[in-house]
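So this block is coords36.tsv, TSV, N, CA and C atoms:
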```tsv
chain	number	residue	atom	x	y	z
A	512	MET	N	11.79	-26.79	-35.73
A	512	MET	CA	12.16	-26.45	-34.36
A	512	MET	C	10.94	-26.62	-33.46
A	513	ASP	N	11.19	-27.12	-32.26
A	513	ASP	CA	10.12	-27.33	-31.31
A	513	ASP	C	9.65	-25.99	-30.75
A	514	LYS	N	8.34	-25.90	-30.49
A	514	LYS	CA	7.76	-24.67	-29.91
A	514	LYS	C	8.23	-24.50	-28.47
A	515	TYR	N	8.32	-25.59	-27.70
A	515	TYR	CA	8.76	-25.55	-26.31
A	515	TYR	C	9.91	-26.53	-26.13
A	516	ILE	N	10.90	-26.12	-25.31
A	516	ILE	CA	11.98	-27.04	-24.93
A	516	ILE	C	12.20	-26.92	-23.43
A	517	TYR	N	12.74	-27.97	-22.84
A	517	TYR	CA	12.99	-28.00	-21.40
A	517	TYR	C	14.49	-28.12	-21.17
A	518	ASN	N	15.04	-27.27	-20.31
A	518	ASN	CA	16.45	-27.31	-19.96
A	518	ASN	C	16.57	-28.00	-18.61
A	519	GLU	N	17.20	-29.15	-18.58
A	519	GLU	CA	17.31	-29.91	-17.33
A	519	GLU	C	18.30	-29.28	-16.36
A	520	LYS	N	19.24	-28.48	-16.85
A	520	LYS	CA	20.24	-27.87	-15.97
A	520	LYS	C	19.61	-26.84	-15.03
A	521	ASN	N	18.72	-26.02	-15.56
A	521	ASN	CA	18.13	-24.99	-14.71
A	521	ASN	C	16.65	-25.24	-14.40
A	522	GLY	N	16.05	-26.25	-15.01
A	522	GLY	CA	14.67	-26.61	-14.71
A	522	GLY	C	13.64	-25.68	-15.30
A	523	LEU	N	13.97	-24.96	-16.38
A	523	LEU	CA	13.04	-24.02	-16.98
A	523	LEU	C	12.58	-24.50	-18.35
A	524	TRP	N	11.35	-24.12	-18.67
A	524	TRP	CA	10.82	-24.33	-20.00
A	524	TRP	C	11.09	-23.08	-20.83
A	525	TYR	N	11.35	-23.28	-22.12
A	525	TYR	CA	11.59	-22.17	-23.03
A	525	TYR	C	10.62	-22.27	-24.19
A	526	GLU	N	10.15	-21.10	-24.65
A	526	GLU	CA	9.20	-21.05	-25.75
A	526	GLU	C	9.84	-20.32	-26.92
A	527	LEU	N	9.61	-20.81	-28.11
A	527	LEU	CA	10.15	-20.21	-29.32
A	527	LEU	C	9.36	-18.95	-29.66
A	528	GLN	N	10.04	-17.83	-29.68
A	528	GLN	CA	9.45	-16.55	-30.05
A	528	GLN	C	10.27	-16.00	-31.21
A	529	GLY	N	9.77	-16.12	-32.41
A	529	GLY	CA	10.54	-15.71	-33.58
A	529	GLY	C	11.70	-16.66	-33.78
A	530	ASP	N	12.92	-16.13	-33.68
A	530	ASP	CA	14.13	-16.94	-33.84
A	530	ASP	C	14.77	-17.31	-32.50
A	531	TYR	N	14.18	-16.89	-31.39
A	531	TYR	CA	14.81	-17.06	-30.09
A	531	TYR	C	13.92	-17.87	-29.15
A	532	TYR	N	14.57	-18.60	-28.26
A	532	TYR	CA	13.86	-19.28	-27.18
A	532	TYR	C	13.92	-18.38	-25.95
A	533	LEU	N	12.76	-18.03	-25.43
A	533	LEU	CA	12.67	-17.19	-24.24
A	533	LEU	C	12.10	-18.04	-23.10
A	534	PRO	N	12.58	-17.80	-21.86
A	534	PRO	CA	12.08	-18.59	-20.73
A	534	PRO	C	10.60	-18.31	-20.48
A	535	CYS	N	9.87	-19.34	-20.11
A	535	CYS	CA	8.45	-19.21	-19.75
A	535	CYS	C	8.38	-18.88	-18.27
A	536	LEU	N	8.31	-17.61	-17.96
A	536	LEU	CA	8.27	-17.15	-16.58
A	536	LEU	C	6.92	-16.51	-16.28
A	537	LYS	N	6.48	-16.65	-15.06
A	537	LYS	CA	5.28	-15.96	-14.62
A	537	LYS	C	5.43	-15.61	-13.15
A	538	LEU	N	4.74	-14.57	-12.75
A	538	LEU	CA	4.80	-14.13	-11.37
A	538	LEU	C	4.03	-15.09	-10.49
A	539	PRO	N	4.45	-15.24	-9.23
A	539	PRO	CA	3.68	-16.09	-8.31
A	539	PRO	C	2.29	-15.51	-8.09
A	540	GLU	N	1.34	-16.37	-7.83
A	540	GLU	CA	-0.03	-15.94	-7.61
A	540	GLU	C	-0.14	-15.20	-6.28
A	541	GLU	N	-0.85	-14.07	-6.32
A	541	GLU	CA	-1.11	-13.31	-5.11
A	541	GLU	C	-2.60	-13.40	-4.80
A	542	GLY	N	-2.91	-13.50	-3.53
A	542	GLY	CA	-4.31	-13.50	-3.15
A	542	GLY	C	-4.90	-12.11	-3.29
A	543	GLU	N	-6.20	-12.05	-3.54
A	543	GLU	CA	-6.87	-10.76	-3.65
A	543	GLU	C	-7.00	-10.15	-2.26
A	544	VAL	N	-6.46	-8.94	-2.12
A	544	VAL	CA	-6.49	-8.24	-0.85
A	544	VAL	C	-7.00	-6.82	-1.11
A	545	HIS	N	-7.89	-6.34	-0.24
A	545	HIS	CA	-8.39	-4.97	-0.39
A	545	HIS	C	-7.31	-4.00	0.08
A	546	ILE	N	-7.00	-3.04	-0.77
A	546	ILE	CA	-6.03	-2.01	-0.42
A	546	ILE	C	-6.78	-0.69	-0.36
A	547	GLY	N	-6.80	-0.10	0.82
A	547	GLY	CA	-7.55	1.14	1.04
A	547	GLY	C	-6.78	2.37	0.58
A	548	ILE	N	-7.27	3.51	1.00
A	548	ILE	CA	-6.71	4.79	0.55
A	548	ILE	C	-5.27	4.97	1.01
A	549	TRP	N	-4.95	4.51	2.22
A	549	TRP	CA	-3.58	4.67	2.71
A	549	TRP	C	-2.61	3.82	1.90
A	550	GLY	N	-3.00	2.60	1.59
A	550	GLY	CA	-2.16	1.73	0.78
A	550	GLY	C	-1.99	2.26	-0.63
A	551	GLN	N	-3.04	2.85	-1.19
A	551	GLN	CA	-2.94	3.42	-2.53
A	551	GLN	C	-2.02	4.63	-2.55
A	552	ARG	N	-2.07	5.44	-1.49
A	552	ARG	CA	-1.16	6.59	-1.40
A	552	ARG	C	0.29	6.12	-1.31
A	553	HIS	N	0.52	5.08	-0.52
A	553	HIS	CA	1.88	4.56	-0.38
A	553	HIS	C	2.36	3.94	-1.70
A	554	LEU	N	1.46	3.28	-2.42
A	554	LEU	CA	1.80	2.73	-3.73
A	554	LEU	C	2.22	3.84	-4.69
A	555	ARG	N	1.48	4.91	-4.72
A	555	ARG	CA	1.82	6.05	-5.58
A	555	ARG	C	3.19	6.62	-5.18
A	556	TYR	N	3.45	6.70	-3.88
A	556	TYR	CA	4.74	7.19	-3.39
A	556	TYR	C	5.87	6.26	-3.81
A	557	LEU	N	5.68	4.95	-3.67
A	557	LEU	CA	6.71	3.99	-4.08
A	557	LEU	C	7.00	4.09	-5.57
A	558	LYS	N	5.96	4.18	-6.38
A	558	LYS	CA	6.15	4.25	-7.83
A	558	LYS	C	6.92	5.50	-8.22
A	559	GLN	N	6.69	6.59	-7.51
A	559	GLN	CA	7.31	7.86	-7.89
A	559	GLN	C	8.72	8.04	-7.31
A	560	TYR	N	8.95	7.63	-6.07
A	560	TYR	CA	10.20	7.94	-5.40
A	560	TYR	C	11.07	6.74	-5.05
A	561	HIS	N	10.51	5.54	-5.00
A	561	HIS	CA	11.28	4.35	-4.64
A	561	HIS	C	11.00	3.23	-5.62
A	562	ARG	N	11.39	3.45	-6.85
A	562	ARG	CA	11.07	2.50	-7.92
A	562	ARG	C	11.71	1.13	-7.71
A	563	VAL	N	12.93	1.10	-7.18
A	563	VAL	CA	13.60	-0.19	-6.97
A	563	VAL	C	12.83	-1.03	-5.96
A	564	ARG	N	12.43	-0.44	-4.85
A	564	ARG	CA	11.66	-1.17	-3.84
A	564	ARG	C	10.32	-1.62	-4.43
A	565	TYR	N	9.69	-0.74	-5.20
A	565	TYR	CA	8.41	-1.09	-5.83
A	565	TYR	C	8.57	-2.29	-6.75
A	566	TYR	N	9.57	-2.28	-7.63
A	566	TYR	CA	9.75	-3.38	-8.56
A	566	TYR	C	10.18	-4.66	-7.86
A	567	ASN	N	10.97	-4.55	-6.79
A	567	ASN	CA	11.34	-5.74	-6.02
A	567	ASN	C	10.10	-6.39	-5.39
A	568	LEU	N	9.24	-5.58	-4.80
A	568	LEU	CA	8.01	-6.11	-4.21
A	568	LEU	C	7.08	-6.67	-5.28
A	569	LEU	N	7.01	-5.99	-6.41
A	569	LEU	CA	6.13	-6.44	-7.49
A	569	LEU	C	6.59	-7.77	-8.07
A	570	THR	N	7.86	-7.90	-8.37
A	570	THR	CA	8.36	-9.13	-8.99
A	570	THR	C	8.44	-10.30	-8.02
A	571	SER	N	8.55	-10.02	-6.74
A	571	SER	CA	8.57	-11.11	-5.76
A	571	SER	C	7.16	-11.57	-5.39
A	572	GLY	N	6.14	-10.82	-5.82
A	572	GLY	CA	4.76	-11.19	-5.52
A	572	GLY	C	4.31	-10.76	-4.14
A	573	LYS	N	5.02	-9.83	-3.52
A	573	LYS	CA	4.69	-9.41	-2.16
A	573	LYS	C	4.08	-8.01	-2.09
A	574	LEU	N	3.84	-7.38	-3.22
A	574	LEU	CA	3.38	-5.99	-3.23
A	574	LEU	C	2.01	-5.83	-2.58
A	575	ASN	N	1.04	-6.64	-2.97
A	575	ASN	CA	-0.31	-6.48	-2.42
A	575	ASN	C	-0.35	-6.74	-0.92
A	576	GLY	N	0.36	-7.75	-0.46
A	576	GLY	CA	0.41	-8.02	0.98
A	576	GLY	C	1.06	-6.89	1.74
A	577	TYR	N	2.13	-6.35	1.18
A	577	TYR	CA	2.84	-5.22	1.80
A	577	TYR	C	1.93	-4.00	1.89
A	578	LEU	N	1.23	-3.68	0.80
A	578	LEU	CA	0.34	-2.52	0.79
A	578	LEU	C	-0.84	-2.71	1.73
A	579	ALA	N	-1.37	-3.92	1.80
A	579	ALA	CA	-2.47	-4.19	2.72
A	579	ALA	C	-2.02	-4.02	4.17
A	580	ASP	N	-0.78	-4.43	4.47
A	580	ASP	CA	-0.24	-4.27	5.82
A	580	ASP	C	-0.04	-2.79	6.15
A	581	ILE	N	0.49	-2.02	5.22
A	581	ILE	CA	0.67	-0.58	5.42
A	581	ILE	C	-0.69	0.08	5.64
A	582	ASP	N	-1.69	-0.32	4.85
A	582	ASP	CA	-3.03	0.24	4.98
A	582	ASP	C	-3.62	-0.05	6.35
A	583	ARG	N	-3.45	-1.29	6.82
A	583	ARG	CA	-3.98	-1.67	8.13
A	583	ARG	C	-3.28	-0.88	9.25
A	584	GLN	N	-1.96	-0.78	9.17
A	584	GLN	CA	-1.21	-0.03	10.18
A	584	GLN	C	-1.62	1.44	10.21
A	585	ALA	N	-1.77	2.02	9.02
A	585	ALA	CA	-2.13	3.44	8.94
A	585	ALA	C	-3.53	3.68	9.49
A	586	GLU	N	-4.46	2.79	9.18
A	586	GLU	CA	-5.83	2.95	9.68
A	586	GLU	C	-5.86	2.85	11.20
A	587	GLU	N	-5.13	1.89	11.77
A	587	GLU	CA	-5.07	1.75	13.22
A	587	GLU	C	-4.42	2.98	13.86
A	588	MET	N	-3.34	3.45	13.26
A	588	MET	CA	-2.65	4.63	13.79
A	588	MET	C	-3.56	5.86	13.73
A	589	PHE	N	-4.29	6.02	12.62
A	589	PHE	CA	-5.20	7.15	12.47
A	589	PHE	C	-6.29	7.13	13.53
A	590	SER	N	-6.92	5.98	13.74
A	590	SER	CA	-7.98	5.87	14.74
A	590	SER	C	-7.46	6.16	16.14
A	591	ARG	N	-6.29	5.60	16.45
A	591	ARG	CA	-5.70	5.81	17.77
A	591	ARG	C	-5.37	7.29	17.99
A	592	LEU	N	-4.81	7.94	16.97
A	592	LEU	CA	-4.46	9.36	17.09
A	592	LEU	C	-5.68	10.24	17.27
A	593	VAL	N	-6.75	9.96	16.53
A	593	VAL	CA	-7.97	10.77	16.66
A	593	VAL	C	-8.52	10.66	18.08
A	594	LYS	N	-8.54	9.45	18.63
A	594	LYS	CA	-9.03	9.26	20.01
A	594	LYS	C	-8.15	10.00	21.01
A	595	GLN	N	-6.83	9.86	20.85
A	595	GLN	CA	-5.91	10.51	21.79
A	595	GLN	C	-6.00	12.03	21.70
A	596	LEU	N	-6.05	12.55	20.50
A	596	LEU	CA	-6.14	14.00	20.33
A	596	LEU	C	-7.47	14.53	20.85
A	597	ALA	N	-8.55	13.77	20.67
A	597	ALA	CA	-9.86	14.20	21.17
A	597	ALA	C	-9.86	14.26	22.70
A	598	GLU	N	-9.23	13.27	23.33
A	598	GLU	CA	-9.13	13.30	24.79
A	598	GLU	C	-8.28	14.47	25.26
A	599	LYS	N	-7.19	14.71	24.57
A	599	LYS	CA	-6.28	15.80	24.95
A	599	LYS	C	-6.95	17.17	24.79
A	600	GLU	N	-7.73	17.34	23.73
A	600	GLU	CA	-8.39	18.62	23.46
A	600	GLU	C	-9.75	18.73	24.14
A	601	ASN	N	-10.15	17.70	24.87
A	601	ASN	CA	-11.41	17.67	25.61
A	601	ASN	C	-12.61	17.80	24.67
A	602	VAL	N	-12.56	17.07	23.58
A	602	VAL	CA	-13.69	17.01	22.64
A	602	VAL	C	-14.48	15.76	23.00
A	603	THR	N	-15.61	15.96	23.66
A	603	THR	CA	-16.38	14.84	24.21
A	603	THR	C	-17.79	14.81	23.65
A	604	GLU	N	-18.52	13.77	24.04
A	604	GLU	CA	-19.92	13.66	23.64
A	604	GLU	C	-20.76	14.76	24.28
A	605	ALA	N	-20.33	15.24	25.44
A	605	ALA	CA	-21.05	16.34	26.09
A	605	ALA	C	-20.96	17.60	25.23
A	606	LEU	N	-19.79	17.85	24.66
A	606	LEU	CA	-19.63	19.00	23.77
A	606	LEU	C	-20.48	18.81	22.52
A	607	LYS	N	-20.56	17.59	22.03
A	607	LYS	CA	-21.36	17.29	20.84
A	607	LYS	C	-22.84	17.59	21.11
A	608	ALA	N	-23.32	17.23	22.30
A	608	ALA	CA	-24.72	17.48	22.64
A	608	ALA	C	-24.97	18.97	22.87
A	609	GLU	N	-23.97	19.66	23.38
A	609	GLU	CA	-24.11	21.06	23.74
A	609	GLU	C	-23.98	21.99	22.53
A	610	ASN	N	-22.95	21.76	21.71
A	610	ASN	CA	-22.68	22.66	20.58
A	610	ASN	C	-22.15	21.81	19.41
A	611	GLN	N	-23.04	21.38	18.55
A	611	GLN	CA	-22.65	20.46	17.48
A	611	GLN	C	-21.68	21.07	16.49
A	612	MET	N	-21.87	22.32	16.12
A	612	MET	CA	-20.99	22.94	15.13
A	612	MET	C	-19.56	23.06	15.65
A	613	LEU	N	-19.41	23.42	16.91
A	613	LEU	CA	-18.07	23.50	17.50
A	613	LEU	C	-17.43	22.12	17.55
A	614	TRP	N	-18.23	21.11	17.91
A	614	TRP	CA	-17.73	19.74	17.94
A	614	TRP	C	-17.25	19.28	16.56
A	615	VAL	N	-18.03	19.57	15.53
A	615	VAL	CA	-17.67	19.20	14.17
A	615	VAL	C	-16.39	19.91	13.75
A	616	GLN	N	-16.26	21.18	14.05
A	616	GLN	CA	-15.05	21.94	13.71
A	616	GLN	C	-13.82	21.34	14.38
A	617	LYS	N	-13.95	21.06	15.66
A	617	LYS	CA	-12.80	20.50	16.39
A	617	LYS	C	-12.45	19.10	15.90
A	618	MET	N	-13.46	18.26	15.63
A	618	MET	CA	-13.19	16.92	15.14
A	618	MET	C	-12.54	16.95	13.75
A	619	ASN	N	-12.98	17.86	12.89
A	619	ASN	CA	-12.35	18.00	11.58
A	619	ASN	C	-10.89	18.42	11.72
A	620	ASN	N	-10.61	19.33	12.63
A	620	ASN	CA	-9.22	19.73	12.87
A	620	ASN	C	-8.39	18.57	13.39
A	621	LEU	N	-8.96	17.79	14.32
A	621	LEU	CA	-8.24	16.65	14.87
A	621	LEU	C	-7.98	15.59	13.80
A	622	ARG	N	-8.98	15.32	12.96
A	622	ARG	CA	-8.82	14.34	11.88
A	622	ARG	C	-7.75	14.78	10.88
A	623	ASN	N	-7.75	16.07	10.55
A	623	ASN	CA	-6.74	16.59	9.63
A	623	ASN	C	-5.34	16.48	10.23
A	624	ALA	N	-5.22	16.78	11.51
A	624	ALA	CA	-3.92	16.67	12.18
A	624	ALA	C	-3.46	15.21	12.20
A	625	ALA	N	-4.37	14.29	12.52
A	625	ALA	CA	-4.02	12.88	12.54
A	625	ALA	C	-3.64	12.39	11.15
A	626	MET	N	-4.33	12.87	10.13
A	626	MET	CA	-4.02	12.49	8.76
A	626	MET	C	-2.61	12.95	8.36
A	627	GLU	N	-2.25	14.14	8.76
A	627	GLU	CA	-0.91	14.65	8.47
A	627	GLU	C	0.17	13.83	9.18
A	628	ILE	N	-0.09	13.45	10.42
A	628	ILE	CA	0.88	12.66	11.18
A	628	ILE	C	1.07	11.28	10.55
A	629	VAL	N	-0.03	10.62	10.21
A	629	VAL	CA	0.05	9.29	9.58
A	629	VAL	C	0.78	9.40	8.24
A	630	SER	N	0.45	10.41	7.47
A	630	SER	CA	1.10	10.56	6.17
A	630	SER	C	2.59	10.76	6.30
A	631	SER	N	3.00	11.62	7.21
A	631	SER	CA	4.43	11.91	7.33
A	631	SER	C	5.20	10.78	8.00
A	632	ASP	N	4.59	10.07	8.95
A	632	ASP	CA	5.30	9.03	9.68
A	632	ASP	C	5.28	7.66	9.01
A	633	LEU	N	4.23	7.37	8.25
A	633	LEU	CA	4.07	6.01	7.74
A	633	LEU	C	3.99	5.95	6.21
A	634	ILE	N	3.20	6.80	5.63
A	634	ILE	CA	2.95	6.70	4.19
A	634	ILE	C	4.10	7.25	3.36
A	635	TYR	N	4.60	8.41	3.71
A	635	TYR	CA	5.67	9.04	2.92
A	635	TYR	C	7.02	8.96	3.61
A	636	ALA	N	7.25	7.90	4.34
A	636	ALA	CA	8.53	7.73	5.04
A	636	ALA	C	9.37	6.65	4.40
```
Represent the structure from my file as structure tokens, please.
Amino acid sequence: MDKYIYNEKNGLWYELQGDYYLPCLKLPEEGEVHIGIWGQRHLRYLKQYHRVRYYNLLTSGKLNGYLADIDRQAEEMFSRLVKQLAEKENVTEALKAENQMLWVQKMNNLRNAAMEIVSSDLIYA
């Protein structure tokens, strides 16, 4: 028996594995993309709560691009929210020069609030 055979009807190659011919399939190549903390959190969420969507993205070869896009959107949303909340709460450079500890406390609170908003609206939605 031949190790490999070609089926002209469906255009696939088959490889002999034991007594059976199995199709020679491989996933499409994905480019290397950096996935930050937001993308990793969304990946963990997909694996745990949306397995069908996760496997569809994985098998279609679109998972890394999707996660990189989510990461980029979340980072932009986080930066925008921190700026907007700082303006609303009047946390300025003048406050930083005047009272650094108060400025740090307020900025930490604003960052935590922005992180919660991004998580609930984008990452775990």
For atom N of Val629 (chain A) and CA of Glu586 (chain A), quote the distance in Å rounded to one decimal.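 Taking atom N of Val629 (chain A) as the start and CA of Glu586 (chain A) as the end point, the length is 9.6 Å.
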Between atom C of Tyr577 (chain A) and atom C of His561 (chain A) - distance in Å to one decimal: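 Between these atoms lies a distance of 13.8 Å.
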For region 586-635 of chain A versus region 536-551 of chain A, which residues have an atom no more than 12 Å away, and what is each residue's nearest atom pair and distance in Å rounded to one decimal, using only C-alpha atoms, chain-then-number order, as a Markdown table?
```
| residue | atom | partner | partner_atom | distance |
| --- | --- | --- | --- | --- |
| A:Glu586 | CA | A:Trp549 | CA | 7.5 |
| A:Glu587 | CA | A:Trp549 | CA | 11.0 |
| A:Met588 | CA | A:Trp549 | CA | 11.1 |
| A:Phe589 | CA | A:Trp549 | CA | 10.2 |
| A:Met626 | CA | A:Trp549 | CA | 9.9 |
| A:Glu627 | CA | A:Trp549 | CA | 11.8 |
| A:Val629 | CA | A:Trp549 | CA | 9.0 |
| A:Ser630 | CA | A:Trp549 | CA | 8.3 |
| A:Ser631 | CA | A:Trp549 | CA | 11.7 |
| A:Leu633 | CA | A:Trp549 | CA | 9.3 |
| A:Ile634 | CA | A:Trp549 | CA | 7.0 |
| A:Tyr635 | CA | A:Trp549 | CA | 10.2 |
```
Dump as a PDB file, in the coordinates of the input, selection limited to N, CA and C atoms:
```
ATOM      1  N   GLU A 586      -4.460   2.790   9.180  1.00  0.00           N
ATOM      2  CA  GLU A 586      -5.830   2.950   9.680  1.00  0.00           C
ATOM      3  C   GLU A 586      -5.860   2.850  11.200  1.00  0.00           C
ATOM      4  N   GLU A 587      -5.130   1.890  11.770  1.00  0.00           N
ATOM      5  CA  GLU A 587      -5.070   1.750  13.220  1.00  0.00           C
ATOM      6  C   GLU A 587      -4.420   2.980  13.860  1.00  0.00           C
ATOM      7  N   MET A 588      -3.340   3.450  13.260  1.00  0.00           N
ATOM      8  CA  MET A 588      -2.650   4.630  13.790  1.00  0.00           C
ATOM      9  C   MET A 588      -3.560   5.860  13.730  1.00  0.00           C
ATOM     10  N   PHE A 589      -4.290   6.020  12.620  1.00  0.00           N
ATOM     11  CA  PHE A 589      -5.200   7.150  12.470  1.00  0.00           C
ATOM     12  C   PHE A 589      -6.290   7.130  13.530  1.00  0.00           C
ATOM     13  N   MET A 626      -4.330  12.870  10.130  1.00  0.00           N
ATOM     14  CA  MET A 626      -4.020  12.490   8.760  1.00  0.00           C
ATOM     15  C   MET A 626      -2.610  12.950   8.360  1.00  0.00           C
ATOM     16  N   GLU A 627      -2.250  14.140   8.760  1.00  0.00           N
ATOM     17  CA  GLU A 627      -0.910  14.650   8.470  1.00  0.00           C
ATOM     18  C   GLU A 627       0.170  13.830   9.180  1.00  0.00           C
ATOM     19  N   VAL A 629      -0.030  10.620  10.210  1.00  0.00           N
ATOM     20  CA  VAL A 629       0.050   9.290   9.580  1.00  0.00           C
ATOM     21  C   VAL A 629       0.780   9.400   8.240  1.00  0.00           C
ATOM     22  N   SER A 630       0.450  10.410   7.470  1.00  0.00           N
ATOM     23  CA  SER A 630       1.100  10.560   6.170  1.00  0.00           C
ATOM     24  C   SER A 630       2.590  10.760   6.300  1.00  0.00           C
ATOM     25  N   SER A 631       3.000  11.620   7.210  1.00  0.00           N
ATOM     26  CA  SER A 631       4.430  11.910   7.330  1.00  0.00           C
ATOM     27  C   SER A 631       5.200  10.780   8.000  1.00  0.00           C
ATOM     28  N   LEU A 633       4.230   7.370   8.250  1.00  0.00           N
ATOM     29  CA  LEU A 633       4.070   6.010   7.740  1.00  0.00           C
ATOM     30  C   LEU A 633       3.990   5.950   6.210  1.00  0.00           C
ATOM     31  N   ILE A 634       3.200   6.800   5.630  1.00  0.00           N
ATOM     32  CA  ILE A 634       2.950   6.700   4.190  1.00  0.00           C
ATOM     33  C   ILE A 634       4.100   7.250   3.360  1.00  0.00           C
ATOM     34  N   TYR A 635       4.600   8.410   3.710  1.00  0.00           N
ATOM     35  CA  TYR A 635       5.670   9.040   2.920  1.00  0.00           C
ATOM     36  C   TYR A 635       7.020   8.960   3.610  1.00  0.00           C
TER      37      TYR A 635
END
```
Please determine, counting only C-alpha atoms, which residue among A:Asn575, A:Gln528, A:Asn567, A:Asn601 has the shortest atom-to-atom distance to His553 (chain A).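 Ranking A:Asn575, A:Gln528, A:Asn567, A:Asn601 by distance to His553 (chain A), first place goes to A:Asn575.
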Suppose you want the space between CA of Ser571 (chain A) and CA of Tyr531 (chain A); what is it in Å? 25.8 Å
Working from the structure I just supplied, which lacks atoms in region 523-538 of chain A, can you model N, CA, C and O atoms there and output them as a PDB file, in the frame of the given file?
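Below you can see selection.pdb, which holds the result:
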```pdb
ATOM      1  N   LEU A 523      13.970 -24.960 -16.380  1.00  0.00           N
ATOM      2  CA  LEU A 523      13.040 -24.020 -16.980  1.00  0.00           C
ATOM      3  C   LEU A 523      12.580 -24.500 -18.350  1.00  0.00           C
ATOM      4  O   LEU A 523      13.329 -25.142 -19.088  1.00  0.00           O
ATOM      5  N   TRP A 524      11.350 -24.120 -18.670  1.00  0.00           N
ATOM      6  CA  TRP A 524      10.820 -24.330 -20.000  1.00  0.00           C
ATOM      7  C   TRP A 524      11.090 -23.080 -20.830  1.00  0.00           C
ATOM      8  O   TRP A 524      11.049 -21.964 -20.321  1.00  0.00           O
ATOM      9  N   TYR A 525      11.350 -23.280 -22.120  1.00  0.00           N
ATOM     10  CA  TYR A 525      11.590 -22.170 -23.030  1.00  0.00           C
ATOM     11  C   TYR A 525      10.620 -22.270 -24.190  1.00  0.00           C
ATOM     12  O   TYR A 525      10.298 -23.355 -24.663  1.00  0.00           O
ATOM     13  N   GLU A 526      10.150 -21.100 -24.650  1.00  0.00           N
ATOM     14  CA  GLU A 526       9.200 -21.050 -25.750  1.00  0.00           C
ATOM     15  C   GLU A 526       9.840 -20.320 -26.920  1.00  0.00           C
ATOM     16  O   GLU A 526      10.533 -19.316 -26.758  1.00  0.00           O
ATOM     17  N   LEU A 527       9.610 -20.810 -28.110  1.00  0.00           N
ATOM     18  CA  LEU A 527      10.150 -20.210 -29.320  1.00  0.00           C
ATOM     19  C   LEU A 527       9.360 -18.950 -29.660  1.00  0.00           C
ATOM     20  O   LEU A 527       8.146 -18.996 -29.862  1.00  0.00           O
ATOM     21  N   GLN A 528      10.040 -17.830 -29.680  1.00  0.00           N
ATOM     22  CA  GLN A 528       9.450 -16.550 -30.050  1.00  0.00           C
ATOM     23  C   GLN A 528      10.270 -16.000 -31.210  1.00  0.00           C
ATOM     24  O   GLN A 528      11.366 -15.482 -31.014  1.00  0.00           O
ATOM     25  N   GLY A 529       9.770 -16.120 -32.410  1.00  0.00           N
ATOM     26  CA  GLY A 529      10.540 -15.710 -33.580  1.00  0.00           C
ATOM     27  C   GLY A 529      11.700 -16.660 -33.780  1.00  0.00           C
ATOM     28  O   GLY A 529      11.535 -17.859 -33.986  1.00  0.00           O
ATOM     29  N   ASP A 530      12.920 -16.130 -33.680  1.00  0.00           N
ATOM     30  CA  ASP A 530      14.130 -16.940 -33.840  1.00  0.00           C
ATOM     31  C   ASP A 530      14.770 -17.310 -32.500  1.00  0.00           C
ATOM     32  O   ASP A 530      15.834 -17.932 -32.486  1.00  0.00           O
ATOM     33  N   TYR A 531      14.180 -16.890 -31.390  1.00  0.00           N
ATOM     34  CA  TYR A 531      14.810 -17.060 -30.090  1.00  0.00           C
ATOM     35  C   TYR A 531      13.920 -17.870 -29.150  1.00  0.00           C
ATOM     36  O   TYR A 531      12.705 -17.797 -29.207  1.00  0.00           O
ATOM     37  N   TYR A 532      14.570 -18.600 -28.260  1.00  0.00           N
ATOM     38  CA  TYR A 532      13.860 -19.280 -27.180  1.00  0.00           C
ATOM     39  C   TYR A 532      13.920 -18.380 -25.950  1.00  0.00           C
ATOM     40  O   TYR A 532      14.994 -18.022 -25.471  1.00  0.00           O
ATOM     41  N   LEU A 533      12.760 -18.030 -25.430  1.00  0.00           N
ATOM     42  CA  LEU A 533      12.670 -17.190 -24.240  1.00  0.00           C
ATOM     43  C   LEU A 533      12.100 -18.040 -23.100  1.00  0.00           C
ATOM     44  O   LEU A 533      11.230 -18.890 -23.313  1.00  0.00           O
ATOM     45  N   PRO A 534      12.580 -17.800 -21.860  1.00  0.00           N
ATOM     46  CA  PRO A 534      12.080 -18.590 -20.730  1.00  0.00           C
ATOM     47  C   PRO A 534      10.600 -18.310 -20.480  1.00  0.00           C
ATOM     48  O   PRO A 534      10.131 -17.181 -20.624  1.00  0.00           O
ATOM     49  N   CYS A 535       9.870 -19.340 -20.110  1.00  0.00           N
ATOM     50  CA  CYS A 535       8.450 -19.210 -19.750  1.00  0.00           C
ATOM     51  C   CYS A 535       8.380 -18.880 -18.270  1.00  0.00           C
ATOM     52  O   CYS A 535       8.413 -19.766 -17.415  1.00  0.00           O
ATOM     53  N   LEU A 536       8.310 -17.610 -17.960  1.00  0.00           N
ATOM     54  CA  LEU A 536       8.270 -17.150 -16.580  1.00  0.00           C
ATOM     55  C   LEU A 536       6.920 -16.510 -16.280  1.00  0.00           C
ATOM     56  O   LEU A 536       6.316 -15.891 -17.149  1.00  0.00           O
ATOM     57  N   LYS A 537       6.480 -16.650 -15.060  1.00  0.00           N
ATOM     58  CA  LYS A 537       5.280 -15.960 -14.620  1.00  0.00           C
ATOM     59  C   LYS A 537       5.430 -15.610 -13.150  1.00  0.00           C
ATOM     60  O   LYS A 537       6.176 -16.264 -12.412  1.00  0.00           O
ATOM     61  N   LEU A 538       4.740 -14.570 -12.750  1.00  0.00           N
ATOM     62  CA  LEU A 538       4.800 -14.130 -11.370  1.00  0.00           C
ATOM     63  C   LEU A 538       4.030 -15.090 -10.490  1.00  0.00           C
ATOM     64  O   LEU A 538       3.040 -15.699 -10.925  1.00  0.00           O
TER      65      LEU A 538
END
```
